[in-house]
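Enquirer: This is run_24.cif (mmCIF, C-alpha atoms and all ligand atoms).
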```cif
data_structure
#
loop_
_atom_site.label_atom_id
_atom_site.label_comp_id
_atom_site.auth_asym_id
_atom_site.auth_seq_id
_atom_site.Cartn_x
_atom_site.Cartn_y
_atom_site.Cartn_z
CA MET A 1 103.93 119.49 102.00
CA LYS A 2 100.91 118.14 100.11
CA ILE A 3 101.47 114.66 98.65
CA ALA A 4 99.88 114.03 95.27
CA LEU A 5 98.11 110.66 95.13
CA GLY A 6 100.01 108.17 93.03
CA GLU A 7 102.89 110.53 92.25
CA LYS A 8 105.48 107.76 92.52
CA THR A 9 103.45 105.22 90.57
CA LEU A 10 102.95 107.61 87.66
CA LYS A 11 106.61 108.65 87.67
CA GLU A 12 107.68 105.02 87.60
CA ILE A 13 105.33 104.12 84.75
CA ARG A 14 106.80 107.06 82.84
CA GLU A 15 110.28 105.64 83.42
CA GLU A 16 109.50 102.41 81.58
CA PRO A 17 111.07 103.36 78.23
CA ALA A 18 114.35 104.22 80.00
CA THR A 19 114.09 101.03 82.04
CA ILE A 20 113.83 98.90 78.89
CA ARG A 21 116.77 100.69 77.23
CA ASN A 22 119.01 100.59 80.30
CA THR A 23 118.23 96.97 81.09
CA PHE A 24 118.85 95.90 77.52
CA GLN A 25 122.10 97.86 77.20
CA SER A 26 123.57 96.65 80.45
CA GLN A 27 122.31 93.04 80.50
CA ALA A 28 122.16 91.83 76.88
CA THR A 29 125.73 90.49 76.87
CA ARG A 30 125.31 88.86 80.24
CA ILE A 31 122.03 87.25 79.20
CA LYS A 32 123.79 85.81 76.14
CA GLU A 33 126.63 84.42 78.28
CA ILE A 34 124.24 82.89 80.80
CA SER A 35 122.20 81.36 77.98
CA THR A 36 125.33 79.78 76.52
CA GLU A 37 126.07 78.15 79.84
CA LEU A 38 122.49 77.03 80.35
CA GLY A 39 122.40 75.65 76.81
CA GLN A 40 125.56 73.58 77.39
CA ARG A 41 123.78 71.82 80.23
CA LYS A 42 120.99 70.77 77.86
CA PRO A 43 118.32 71.33 80.49
CA ASN A 44 115.16 69.20 80.47
CA ARG A 45 112.91 71.78 82.05
CA VAL A 46 112.81 75.36 83.23
CA PHE A 47 110.84 76.31 86.33
CA LEU A 48 110.06 79.99 86.78
CA VAL A 49 109.34 80.98 90.36
CA GLY A 50 108.26 84.23 91.96
CA SER A 51 105.48 85.88 93.92
CA GLY A 52 102.87 88.44 92.92
CA THR A 53 103.99 90.53 89.97
CA SER A 54 107.27 88.63 89.69
CA TYR A 55 105.32 85.37 89.36
CA HIS A 56 103.35 86.93 86.50
CA ALA A 57 106.61 87.82 84.75
CA GLY A 58 107.47 84.12 85.20
CA VAL A 59 104.20 83.13 83.51
CA PHE A 60 105.17 85.39 80.59
CA GLY A 61 108.65 83.81 80.60
CA ALA A 62 107.13 80.34 80.32
CA TYR A 63 104.97 81.57 77.45
CA VAL A 64 107.94 82.94 75.46
CA LEU A 65 110.04 79.84 76.09
CA ASN A 66 107.18 77.73 74.81
CA ALA A 67 106.52 80.02 71.85
CA LEU A 68 110.16 80.06 70.73
CA GLY A 69 111.46 76.66 71.75
CA GLU A 70 110.79 73.08 72.58
CA ILE A 71 111.74 73.11 76.22
CA LEU A 72 109.21 72.48 78.96
CA ALA A 73 108.81 75.71 80.93
CA ILE A 74 106.61 75.78 84.01
CA PRO A 75 105.71 78.85 86.07
CA VAL A 76 105.26 78.12 89.79
CA GLN A 77 104.20 80.43 92.60
CA ALA A 78 107.19 80.54 94.93
CA SER A 79 105.05 79.78 97.97
CA GLU A 80 103.82 76.51 96.38
CA PHE A 81 107.16 75.38 94.95
CA GLU A 82 107.95 73.04 97.81
CA ALA A 83 104.50 71.46 97.89
CA TYR A 84 104.03 70.95 94.16
CA VAL A 85 107.41 70.76 92.46
CA ALA A 86 110.45 70.44 94.72
CA ASN A 87 110.62 66.64 94.95
CA ALA A 88 110.79 66.32 91.17
CA VAL A 89 113.61 68.85 90.69
CA ASN A 90 116.92 67.38 89.53
CA PRO A 91 120.32 68.57 88.30
CA HIS A 92 119.08 68.72 84.69
CA ASP A 93 116.63 71.47 85.60
CA VAL A 94 117.01 75.23 85.48
CA VAL A 95 115.16 77.35 88.00
CA ILE A 96 114.66 81.05 87.26
CA ALA A 97 113.90 82.96 90.46
CA LEU A 98 112.27 86.32 89.79
CA SER A 99 112.06 88.99 92.46
CA GLN A 100 112.15 92.77 92.22
CA SER A 101 113.60 93.11 95.71
CA GLY A 102 115.68 89.95 95.67
CA GLU A 103 114.51 89.41 99.25
CA SER A 104 111.01 87.86 99.19
CA THR A 105 111.09 84.99 101.65
CA ASP A 106 109.00 82.58 99.58
CA THR A 107 111.17 83.04 96.50
CA LEU A 108 114.34 82.62 98.55
CA LYS A 109 112.99 79.42 100.06
CA ALA A 110 112.18 78.01 96.61
CA LEU A 111 115.64 79.00 95.37
CA ARG A 112 117.33 77.21 98.28
CA VAL A 113 115.30 74.03 97.80
CA ALA A 114 116.07 74.06 94.06
CA LYS A 115 119.80 74.45 94.76
CA LYS A 116 119.73 71.61 97.25
CA ARG A 117 118.18 69.38 94.58
CA GLY A 118 121.03 70.28 92.22
CA ALA A 119 119.20 72.60 89.79
CA LEU A 120 121.00 75.52 88.18
CA VAL A 121 119.50 78.72 89.55
CA VAL A 122 119.31 82.02 87.70
CA GLY A 123 118.12 84.98 89.77
CA VAL A 124 116.42 87.94 88.10
CA THR A 125 116.14 90.95 90.40
CA ASN A 126 116.29 94.73 90.41
CA MET A 127 118.58 94.86 93.43
CA PRO A 128 122.30 94.36 93.00
CA GLY A 129 123.74 92.80 96.15
CA SER A 130 120.41 91.31 97.23
CA THR A 131 120.22 87.83 98.76
CA ILE A 132 118.89 86.34 95.52
CA VAL A 133 121.87 87.76 93.63
CA LEU A 134 124.25 86.37 96.24
CA GLU A 135 122.67 82.91 96.37
CA SER A 136 121.92 82.28 92.68
CA HIS A 137 124.45 80.56 90.42
CA HIS A 138 123.91 83.36 87.89
CA SER A 139 122.06 86.61 88.19
CA ILE A 140 120.55 89.16 85.89
CA VAL A 141 120.01 92.57 87.46
CA THR A 142 117.40 94.75 85.78
CA VAL A 143 118.15 98.46 85.57
CA ALA A 144 114.85 100.06 86.54
CA GLY A 145 116.31 102.24 89.30
CA VAL A 146 114.78 102.17 92.76
CA GLU A 147 111.06 101.47 92.67
CA GLU A 148 109.44 103.39 95.52
CA SER A 149 105.79 102.73 94.89
CA VAL A 150 104.65 99.54 96.58
CA VAL A 151 102.88 98.71 93.35
CA ALA A 152 105.42 97.27 90.90
CA THR A 153 105.26 98.77 87.40
CA LYS A 154 108.60 99.59 85.81
CA THR A 155 110.27 96.55 87.36
CA PHE A 156 107.62 94.29 85.81
CA GLN A 157 108.38 95.87 82.45
CA ALA A 158 112.08 95.15 83.00
CA GLN A 159 111.30 91.54 83.92
CA LEU A 160 109.28 91.12 80.71
CA ALA A 161 112.24 92.41 78.68
CA VAL A 162 114.64 90.03 80.42
CA MET A 163 112.29 87.07 79.98
CA ALA A 164 111.89 87.73 76.24
CA LEU A 165 115.62 88.12 75.64
CA LEU A 166 116.66 85.20 77.84
CA ALA A 167 114.12 82.93 76.16
CA ALA A 168 115.30 83.95 72.69
CA GLU A 169 119.00 83.47 73.52
CA LEU A 170 118.39 80.16 75.29
CA CYS A 171 116.24 78.79 72.47
CA ARG A 172 119.00 79.75 70.00
CA GLU A 173 121.53 77.87 72.13
CA LEU A 174 119.24 74.85 72.19
CA GLY A 175 118.89 74.98 68.42
CA SER A 176 115.19 75.74 68.13
CA LEU A 177 115.56 79.37 67.05
CA GLY A 178 117.66 80.86 64.27
CA ALA A 179 120.21 83.63 64.83
CA GLU A 180 118.24 85.92 62.51
CA ARG A 181 115.10 85.71 64.62
CA VAL A 182 117.13 86.44 67.76
CA ALA A 183 118.67 89.50 66.08
CA GLU A 184 115.16 90.61 65.10
CA ILE A 185 113.95 90.27 68.69
CA ARG A 186 116.97 92.20 70.00
CA HIS A 187 116.09 95.12 67.74
CA LEU A 188 112.53 95.25 68.97
CA PHE A 189 113.35 96.56 72.45
CA GLU A 190 114.24 100.04 71.17
CA GLU A 191 111.06 100.07 69.11
CA VAL A 192 108.95 99.10 72.14
CA ALA A 193 110.56 101.81 74.28
CA THR A 194 109.87 104.48 71.64
CA MET A 195 106.27 103.34 71.18
CA ILE A 196 105.62 103.56 74.92
CA SER A 197 106.98 107.13 75.05
CA GLU A 198 104.89 108.14 72.05
CA ASN A 199 101.63 106.67 73.39
CA LEU A 200 101.87 107.23 77.13
CA ASP A 201 100.01 110.55 77.24
CA ALA A 202 97.19 109.30 75.02
CA TRP A 203 96.81 106.12 77.11
CA ASP A 204 96.78 108.20 80.29
CA LYS A 205 94.03 110.43 78.91
CA GLN A 206 91.93 107.52 77.68
CA THR A 207 92.29 105.44 80.84
CA LYS A 208 91.20 108.49 82.88
CA LYS A 209 87.89 108.42 80.98
CA ILE A 210 87.57 104.66 81.40
CA ALA A 211 88.33 105.00 85.10
CA MET A 212 85.44 107.46 85.49
CA ARG A 213 83.11 104.91 83.91
CA LEU A 214 84.46 102.07 86.07
CA LYS A 215 84.25 104.05 89.28
CA PRO A 216 80.99 102.42 90.41
CA SER A 217 81.91 98.93 89.12
CA ARG A 218 81.97 96.32 91.85
CA ASP A 219 83.89 93.72 89.89
CA VAL A 220 86.35 93.87 87.02
CA PHE A 221 87.39 90.74 85.13
CA VAL A 222 90.46 90.68 82.93
CA LEU A 223 90.71 88.05 80.23
CA GLY A 224 93.47 86.96 77.87
CA PHE A 225 94.89 83.99 75.97
CA GLY A 226 98.51 82.83 76.02
CA GLU A 227 100.72 85.89 76.57
CA GLY A 228 97.51 87.83 77.22
CA PHE A 229 96.72 85.49 80.09
CA ALA A 230 100.01 86.39 81.83
CA LEU A 231 99.09 90.06 81.44
CA ALA A 232 95.53 89.46 82.62
CA LEU A 233 96.93 87.98 85.84
CA GLU A 234 99.07 91.06 86.35
CA ALA A 235 96.17 93.39 85.50
CA GLY A 236 94.00 91.62 88.07
CA LEU A 237 96.64 92.19 90.74
CA LYS A 238 97.31 95.83 89.74
CA LEU A 239 93.63 96.73 89.90
CA LYS A 240 93.26 95.07 93.30
CA GLU A 241 96.28 96.50 95.01
CA ALA A 242 96.50 99.94 93.38
CA SER A 243 92.83 100.87 93.20
CA LEU A 244 91.27 98.48 95.74
CA THR A 245 88.96 97.19 93.02
CA HIS A 246 87.86 93.58 93.14
CA SER A 247 89.31 92.09 89.98
CA GLU A 248 90.05 88.58 88.76
CA ALA A 249 91.89 87.23 85.77
CA PHE A 250 90.95 84.28 83.59
CA SER A 251 91.88 82.72 80.31
CA ILE A 252 89.29 83.87 77.76
CA ALA A 253 88.01 80.32 77.20
CA GLU A 254 88.10 79.42 80.90
CA PHE A 255 85.78 82.31 81.70
CA LYS A 256 82.89 80.36 80.20
CA HIS A 257 83.46 77.54 82.68
CA GLY A 258 81.72 79.27 85.58
CA PRO A 259 82.90 82.84 86.22
CA ILE A 260 80.66 84.25 83.45
CA SER A 261 77.70 83.63 85.74
CA LEU A 262 78.83 86.62 87.81
CA VAL A 263 78.46 89.05 84.91
CA THR A 264 75.58 91.50 85.22
CA ARG A 265 75.09 95.19 84.50
CA GLY A 266 77.81 97.19 86.19
CA VAL A 267 80.46 94.49 85.91
CA ALA A 268 83.41 95.46 83.73
CA VAL A 269 85.37 93.03 81.58
CA ILE A 270 88.71 93.87 80.00
CA VAL A 271 89.58 91.63 77.06
CA ILE A 272 93.16 91.53 75.81
CA ALA A 273 92.78 90.69 72.12
CA PRO A 274 94.33 87.33 71.24
CA SER A 275 97.28 87.36 68.87
CA VAL A 276 96.40 83.90 67.52
CA GLU A 277 93.83 84.06 64.72
CA GLU A 278 91.88 80.93 65.77
CA LYS A 279 91.27 82.42 69.20
CA VAL A 280 89.80 85.67 67.88
CA GLU A 281 86.43 84.13 67.12
CA ILE A 282 86.18 82.70 70.65
CA ALA A 283 86.89 86.16 72.06
CA GLU A 284 84.32 87.77 69.78
CA ARG A 285 81.57 85.33 70.71
CA LEU A 286 82.29 85.93 74.37
CA ILE A 287 82.22 89.72 73.96
CA LEU A 288 78.78 89.57 72.33
CA GLU A 289 77.54 87.44 75.21
CA LEU A 290 79.01 89.90 77.71
CA LYS A 291 77.29 92.79 75.98
CA GLN A 292 73.97 90.92 76.14
CA LYS A 293 74.50 90.69 79.88
CA ARG A 294 75.09 94.48 79.90
CA ALA A 295 78.68 94.34 81.04
CA THR A 296 81.00 97.23 80.27
CA VAL A 297 83.54 95.79 77.84
CA ILE A 298 86.98 97.22 77.21
CA THR A 299 89.34 95.74 74.64
CA ILE A 300 93.09 96.16 74.36
CA ILE A 301 93.79 95.68 70.69
CA GLU A 302 96.27 96.36 67.92
CA GLN A 303 95.72 99.61 66.02
CA GLY A 304 93.42 99.15 63.02
CA LYS A 305 91.88 95.93 64.34
CA ARG A 306 88.49 95.41 66.03
CA LEU A 307 86.85 92.69 68.03
CA ALA A 308 83.12 91.98 67.70
CA GLN A 309 82.83 94.77 65.08
CA GLY A 310 83.65 97.32 67.72
CA LYS A 311 80.51 96.54 69.76
CA VAL A 312 82.43 97.35 72.92
CA ASP A 313 82.45 100.33 75.26
CA PHE A 314 86.12 101.26 74.96
CA GLU A 315 88.96 100.19 72.69
CA ILE A 316 92.48 100.85 73.89
CA SER A 317 94.66 100.69 70.84
CA ILE A 318 98.24 99.49 70.82
CA PRO A 319 100.70 100.17 68.00
CA ARG A 320 101.48 97.22 65.78
CA ILE A 321 104.52 95.26 66.89
CA ASP A 322 105.81 91.67 66.77
CA ALA A 323 103.25 89.69 68.80
CA LEU A 324 105.99 88.31 71.05
CA LEU A 325 106.67 91.71 72.61
CA ALA A 326 103.16 93.17 72.38
CA PRO A 327 102.63 92.52 76.14
CA MET A 328 105.33 95.10 76.87
CA LEU A 329 103.06 97.68 75.23
CA GLN A 330 99.74 96.31 76.49
CA ILE A 331 100.81 96.41 80.12
CA VAL A 332 101.29 100.19 80.11
CA PRO A 333 97.62 101.22 79.63
CA ILE A 334 96.68 98.49 82.12
CA GLN A 335 98.98 100.04 84.73
CA LEU A 336 97.64 103.51 83.87
CA LEU A 337 94.06 102.29 84.24
CA ALA A 338 94.84 100.91 87.71
CA TYR A 339 96.52 104.22 88.60
CA ASN A 340 93.66 106.38 87.26
CA LEU A 341 91.01 104.18 88.87
CA ALA A 342 92.86 104.61 92.17
CA LEU A 343 92.73 108.40 91.75
CA VAL A 344 89.00 108.50 90.98
CA ARG A 345 88.42 106.32 94.04
CA SER A 346 90.68 108.57 96.17
CA VAL A 347 93.06 105.72 96.95
CA ASN A 348 96.81 106.27 97.01
CA PRO A 349 98.37 103.65 94.72
CA ASP A 350 101.87 104.45 95.98
CA SER A 351 101.21 102.84 99.33
CA PRO A 352 98.15 100.60 99.34
CA ARG A 353 96.71 99.58 102.68
CA HIS A 354 98.06 96.42 104.36
CA LEU A 355 100.93 96.10 101.88
CA THR A 356 104.70 96.42 102.20
CA LYS A 357 107.22 96.57 99.40
CA VAL A 358 108.95 93.37 100.50
CA VAL A 359 107.08 90.38 101.92
CA ARG A 360 109.41 88.58 104.34
C1 LIG B 401 103.61 94.03 93.20
O1 LIG B 401 102.90 95.12 92.74
C2 LIG B 401 103.25 93.60 94.56
N1 LIG B 401 103.42 94.65 95.50
C3 LIG B 401 103.74 92.24 95.02
O2 LIG B 401 102.86 91.29 94.47
C4 LIG B 401 105.18 91.83 94.66
O3 LIG B 401 105.32 91.65 93.29
C5 LIG B 401 105.54 90.53 95.40
O4 LIG B 401 105.46 90.71 96.79
C6 LIG B 401 106.91 90.01 95.03
O5 LIG B 401 107.91 90.89 95.37
P1 LIG B 401 109.36 90.72 94.80
O6 LIG B 401 109.28 90.88 93.34
O7 LIG B 401 110.18 91.77 95.47
O8 LIG B 401 109.82 89.33 95.17
#
```
I need this file expressed as structure tokens, please.
Ligand code: AGP

Expert:
Amino acid sequence: MKIALGEKTLKEIREEPATIRNTFQSQATRIKEISTELGQRKPNRVFLVGSGTSYHAGVFGAYVLNALGEILAIPVQASEFEAYVANAVNPHDVVIALSQSGESTDTLKALRVAKKRGALVVGVTNMPGSTIVLESHHSIVTVAGVEESVVATKTFQAQLAVMALLAAELCRELGSLGAERVAEIRHLFEEVATMISENLDAWDKQTKKIAMRLKPSRDVFVLGFGEGFALALEAGLKLKEASLTHSEAFSIAEFKHGPISLVTRGVAVIVIAPSVEEKVEIAERLILELKQKRATVITIIEQGKRLAQGKVDFEISIPRIDALLAPMLQIVPIQLLAYNLALVRSVNPDSPRHLTKVVR
């Protein structure tokens, strides 16, 4: 039987609207209950730990907690938790351990150290019955269904949904967010799911074209601010592992502090448009500089808006939605670009070389 390249990856990206709906329907009450308990503890800090894609969901989680509340939220790569954070962890802290499989050794290690230091641990996984579920004080199980492709897509989407809802509920408990805003956020998940379904085919078609153009590119940089930075990190990883393209992520402003020197003709730069008005000008100035250096520039931007008067090579447009959940839309064309770039490079994104689904 002939195996189509990337069959599983594409199927799983297509399952994202259902993943959002199912996760929301089955976990919303539980997330509220967990938030109530976390809130009663009046935590000082939240550490979000994970590896790879799950770490990037943690970066997004820290962003939403910071955007909605006044609690210190710090994302930490699970493998560096012991070296950088563990000795400071105390019983007033909450540690959120994110892991699709619930079995990654580094995340488990961080979870165990955090428990030993008395922190309250919340596990977020896609695997009921996994070790992280068993060892966490509380767990939230996303409902993405089994993810067969080694490259995580729909489970990342589910983690983003959980992070947004958990942050909103927790910030309400802690008194920094009103009930009305939480209700508003809860309603957005259905809207996001519908928008993904409606735009998926168009994004697939457009990213196929972009992939053809990027085929010869040696390097791809992905840049974003705030929530866009979390997505840029994930985009950098997706492009590397799915399409074997060298790609790196930076904050838009940080890019000027050195990495820009690598930009020449043939280098591609993806810019996730900032949602904060004051950052737009910084992004625009950078884009003009990139075009002078003959880079191929792609923007991911809200419908009807433009960066640098459209002086870019491709604009991927995203329907207008509350900025807080825009990353749940933006990530889909990014995943499709990684998938389509893999196909034009004859790489199978379902099972990239040297990688396994669970790193033990
Ligand atoms: C995701 O596409 C990667 N294959 C990888 O980075 C993965 O996210 C990481 O190994 C963590 O896995 P986990 O979520 O199962 O803990």

Enquirer: Show me which residues line ligand LIG 401 (chain B), defined as having an atom within 9 Å of a ligand atom where all atoms listed in the file count, and present them as a count of residues only.

Expert: 40

Enquirer: Would you compute an axis-aligned box for segment 76-89 of chain A, covering every atom listed for it in the file with 6 Å of margin on each side, and report centre and edge lengths in Å to one decimal as AutoDock Vina command-line options?

Expert:
```
--center_x 108.7 --center_y 73.4 --center_z 93.9 --size_x 21.8 --size_y 26.2 --size_z 20.2
```

Enquirer: For Phe189 of chain A, find every residue with an atom within 8 Å (counting only C-alpha atoms), except residues of its own chain fewer than 4 positions away, and show them as JSON, numbers by chain.

Expert: {"A": [20, 21, 24, 161, 185, 193]}

Enquirer: Of the candidates A:Ser346, A:Thr19, A:Ser35, A:Asn340, which one gets nearest to Lys208 of chain A if we count all atoms listed in the file?

Expert: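 Smallest separation from Lys208 of chain A among the options: A:Asn340.
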
Enquirer: Counting all atoms listed in the file, which residues in segment 134-170 of chain A sit no more than 12 Å from segment 210-232 of chain A? For each one, give the nearest pair of atoms and the distance in Å, sorted by chain then residue number, as a tab-separated table.

Expert:
```
residue	atom	partner	partner_atom	distance
A:Phe156	CA	A:Leu231	CA	10.5
A:Gln157	CA	A:Leu231	CA	11.0
A:Leu160	CA	A:Leu231	CA	10.3
A:Ala164	CA	A:Glu227	CA	11.3
```

Enquirer: So how far away is atom CA of Ala119 of chain A from atom CA of Tyr84 of chain A, in Å?

Expert: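 These two atoms are separated by 15.9 Å.
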
Enquirer: For Ile287 of chain A, list every protein, DNA or RNA residue within 10 Å, evaluated using all atoms listed in the file, and leave out those in the same chain fewer than 4 positions away; present the list as a list in words.

Expert: Ile252, Val269, Ile270, Val271, Glu281, Ile282, Ala283, Lys291, Gln292, Lys293, Ala295, Thr296, Val297, Ile298, Thr299, Leu307, Ala308, Gly310, Lys311 and Val312 of chain A

Enquirer: Here's a test: counting all atoms listed in the file, identify every protein, DNA and RNA residue with an atom at most 12 Å from (97.9, 112.2, 91.1) in the file's coordinate frame, and state them as a PyMOL selection string.

Expert: chain A and resi 2-11+204+208+336+339-350

Enquirer: Figure out the distance between atom CA of Pro75 of chain A and atom CA of Tyr63 of chain A, please, to one decimal in Å.

Expert: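 The value is 9.1 Å.
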
Enquirer: Using all atoms listed in the file, can you tell me which of A:Ser26, A:Asn87, A:Ser275, A:Thr264 comes closest to Ala144 of chain A?

Expert: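 Using all atoms listed in the file, the shortest distance to Ala144 of chain A belongs to A:Ser26.
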
Enquirer: Calculated over all atoms listed in the file, which of the candidates A:Leu290, A:Ala202, A:Val276, A:Ala249 has the smallest distance to Val263 of chain A?

Expert: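 Checking each of A:Leu290, A:Ala202, A:Val276, A:Ala249 against Val263 of chain A, counting all atoms listed in the file, the winner is A:Leu290.
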
Enquirer: Which residues come within 10 Å of Val85 of chain A, counting only C-alpha atoms, excluding same-chain residues fewer than 3 positions away, as a PyMOL selection string?

Expert: chain A and resi 47+74+76+80-82+88-89+110+114

Enquirer: Please list, as a VMD selection string, the residues that have an atom at most 10 Å away from (118.3, 93.8, 93.8) in the coordinates of this file, counting all atoms listed in the file.

Expert: chain A and resid 99 to 103 123 to 134 139 to 143 145 to 146

Enquirer: Taking all atoms listed in the file into account, name the residue in A:Gln206, A:Ile334, A:Leu65, A:Leu120 that is nearest to Leu239 of chain A.

Expert: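 Nearest candidate to Leu239 of chain A out of A:Gln206, A:Ile334, A:Leu65, A:Leu120: A:Ile334.
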
Enquirer: Pick from A:Leu48, A:Ile13, A:Val113, A:Ala235: nearest to Gln77 of chain A, with only C-alpha atoms counted?

Expert: A:Leu48
